[in-house]
Amino acid sequence: MDGLRVLELYSGIGGMHYALKESGVMAEVVAAVDVNTTANHIYKHNFPNTTLLPKTIEGITINEFDKLGFDMILMSPPCQPFTRIGLQGDVSDPRAKSFLYILDLLPRLSKLPRFILLENVKGFETSSARDALLKTLRDCGYSFQELLLTPTCLGIPNSRLRYFLIAKAPPDSFTFQISSEILESFPSSSGNYASSETTMVPDCPSESLDSTNGEDGTILYKLETAQDAHRKMGQNSDESVRRIQEFLEVQEEDGGDMEQYLLPPKTLLRYALLMDIVRPTCRRSVCFTKGYGHYVEGTGSVLHSCVEEDMEEAFRSLELQPDEEKLRRLKRLKLRYFTPREIANLMGFPADFTFPEDVSVKQCYRVLGNSLNVHVVAQLIKVMLS
Ligand SMILES: C[S@@+](CC[C@H](N)C(=O)[O-])C[C@H]1O[C@@H](n2cnc3c(N)ncnc32)[C@H](O)[C@@H]1O
């Protein structure tokens with residue numbers, strides 16, 4: 001299986017390229033395509049020798065694609081048309097146009113790519129874009145498998161539930177029994193599905209943030225449902241998942257210049273009760289999205305970095321306190337954002353992945369939020385090629 005030629009579409013910061021490297025497959029990215037200037041700048045910085053086409057996919061002709069002579073497509077189409085929080089325009093959303101262009105093009109290529117891997121948000125599986133994808137693959141004779149996977153099933157303390165599809169062109173077929181069901185764990189080549197002891201948990205913010213009331217009606221802790229609190233406790237006691245501290249840039253006791261990542265007073269006062277807060281010893285964090293560091297609610301976990309300070313104590317009857325007291329208590333916890341490097345660590349980017357110096361922290365969060373978990377995709381590439 002040597003020397004595969006890979007086309008990386010919607011390449012962003014190169015999550016797919018890193019996954020390909022991690023998979024150990026002998027392959028070369030013959031071209032990466034993306035229109036985003038910042039993402040392309042970061043991609044070029046890390047992969048200076050890869051041909052990067054800074055243009056729209058629909059601006060590339062079938063002849064140009066044919067000339068690239070690729071055996072594999074790795075792609076993460078823009079997810080906004082399919083996200084649950086988006087307007088869900090699906091195929092009518094102009095951002096789905098390039099994807100429909102690819103589907104139209106695929107059967108007309110001079111040679112069908114042998115392998116296709118697609119990543120998208122949860123929600124894609126119920127879209128008509130997915131129906132169109134499956135129809136195209138069936139028409140071309142591909143065998144394929146759909147999956148919904150989150151990094152916690154690889155022991156990574158971060159939820160990022162995503163839709164994946166892996167496909168093989170005829171005459172190749174998979175070494176495991178494919179299913180029309182969407183798998184929720186990695187298939188194993190023995191024919192069975194690898195068991196996953198980790199429960200699949202949705203990584204979106206809970207839709208109803210009821211307060212957890214004590215018998216006297218006071219809020220016990222934070223604004224979260226009893227169900228959420230229970231789920232988080234379960235996640236934290238799952239020893240098959242590593243601790244957050246392994247992914248941090250510095251051990252908190254060493255200090256380190258984390259001032260710039262501390263949550264500002266306004267944010268603390270306004271959102272403290274709604275934030276997903278984790279400690280270094282936790283075995284969970286929620287999905288980091290592109291609004292991280294900008295919008296607080298539902299964009300990713302924040303870190304309780306001063307662990308000597310008791311969080312429950314700080315939050316006790318917090319809503320009843322005057323702002324000054326609220327702030328005094330909250331500041332002691334040293335709640336901070338994860339740094340871009342830490343998020344990159346959780347998302348499986350290797351140590352040699354770096355951001356160019358002229359990219360702002362906000363831009364880093366944005367492109368990371370759009371990217372993918374490298375380890376999950378690396379495993380899937382291995383499964384696809386086995
Ligand atoms: C979900 S992100 C993919 C991220 C990528 N997998 C990574 O690891 O960073 C989608 C990417 O598609 C790019 N994109 C959206 N529409 C495009 C189009 N019509 N042509 C080329 N790139 C496009 C966006 O700029 C964005 O970087």
# chains A, B, ... in the order shown; residues from 1 in each chain; ligands from 1
>>> residues_near_ligand(ligand="ligand 1", cutoff="10 Å", atoms="only C-alpha atoms and all ligand atoms", output="ChimeraX atom specification")
/A:8-19,32-40,42-43,53-60,74-80,94-99,101,118-121,347,349,366-374
>>> residues_around(residues="Leu106 in chain A", least_positions_apart="5", cutoff="9 Å", atoms="only C-alpha atoms", output="ChimeraX atom specification")
/A:101,111-113,136-137,140
>>> write_last_selection(atoms="C-alpha atoms", output="compact mmCIF listing (two decimals), in the first residue's frame")
# COMPACT_ATOMS: atom_id res chain seq x y z
CA TYR A 101 -19.63 20.18 -6.89
CA LYS A 111 -9.95 7.43 -12.27
CA LEU A 112 -12.05 6.93 -9.13
CA PRO A 113 -10.04 7.58 -5.96
CA THR A 136 -23.05 9.12 -5.42
CA LEU A 137 -20.94 6.51 -3.62
CA CYS A 140 -19.88 4.56 -8.25
>>> atom_distance(atom1="CA of Lys362 in chain A", atom2="CA of His294 in chain A")
7.6 Å
>>> closest_residue(among="A:Ala167, A:Leu330, A:Val6, A:Ala226", to="Thr267 in chain A", atoms="only C-alpha atoms")
A:Leu330
>>> atom_distance(atom1="CA of Pro265 in chain A", atom2="CA of Tyr295 in chain A")
14.2 Å
>>> atom_distance(atom1="CA of Leu100 in chain A", atom2="CA of Met26 in chain A")
29.7 Å
>>> select_by_dssp(residues="range 231-354 of chain A", states="strand (DSSP E)", output="PDB file with C-alpha atoms, in the first residue's frame")
ATOM      1  CA  ILE A 277     -15.305  24.252  34.426  1.00  0.00           C
ATOM      2  CA  VAL A 278     -12.741  21.465  34.666  1.00  0.00           C
ATOM      3  CA  VAL A 302     -12.363  26.584  31.105  1.00  0.00           C
ATOM      4  CA  LEU A 303      -9.734  25.515  33.607  1.00  0.00           C
ATOM      5  CA  HIS A 304      -9.947  25.942  37.377  1.00  0.00           C
ATOM      6  CA  LEU A 335     -10.369  30.376  36.041  1.00  0.00           C
ATOM      7  CA  ARG A 336      -8.585  30.531  32.722  1.00  0.00           C
ATOM      8  CA  TYR A 337      -9.003  29.600  29.098  1.00  0.00           C
TER       9      TYR A 337
END
>>> closest_atom_pairs(of="range 108-173 of chain A", to="range 230-245 of chain A", cutoff="6 Å", atoms="only C-alpha atoms", output="CSV")
residue,atom,partner,partner_atom,distance
A:Gly155,CA,A:Val241,CA,3.9
A:Ile156,CA,A:Val241,CA,5.7
A:Pro157,CA,A:Val241,CA,6.0
>>> write_last_selection(atoms="C-alpha atoms", output="compact mmCIF listing (two decimals), in the first residue's frame")
# COMPACT_ATOMS: atom_id res chain seq x y z
CA GLY A 155 -8.84 7.87 26.12
CA ILE A 156 -8.58 11.58 25.31
CA PRO A 157 -10.39 13.83 27.81
>>> closest_residue(among="A:Met72, A:Ile182, A:Leu380, A:Pro171", to="Phe124 in chain A", atoms="only C-alpha atoms")
A:Ile182
>>> select_by_dssp(residues="range 228-384 of chain A", states="helix (DSSP H, G or I)", output="PyMOL selection string")
chain A and resi 228-236+244-247+252-254+259-261+265-271+311-315+318-320+323-332+340-346+361-370+374-384
>>> closest_residue(among="A:Val250, A:Glu28, A:Cys287, A:Phe315", to="Thr150 in chain A", atoms="only C-alpha atoms")
A:Cys287
>>> closest_residue(among="A:Leu385, A:Lys334, A:Leu273, A:Ser317", to="Glu259 in chain A", atoms="only C-alpha atoms")
A:Lys334
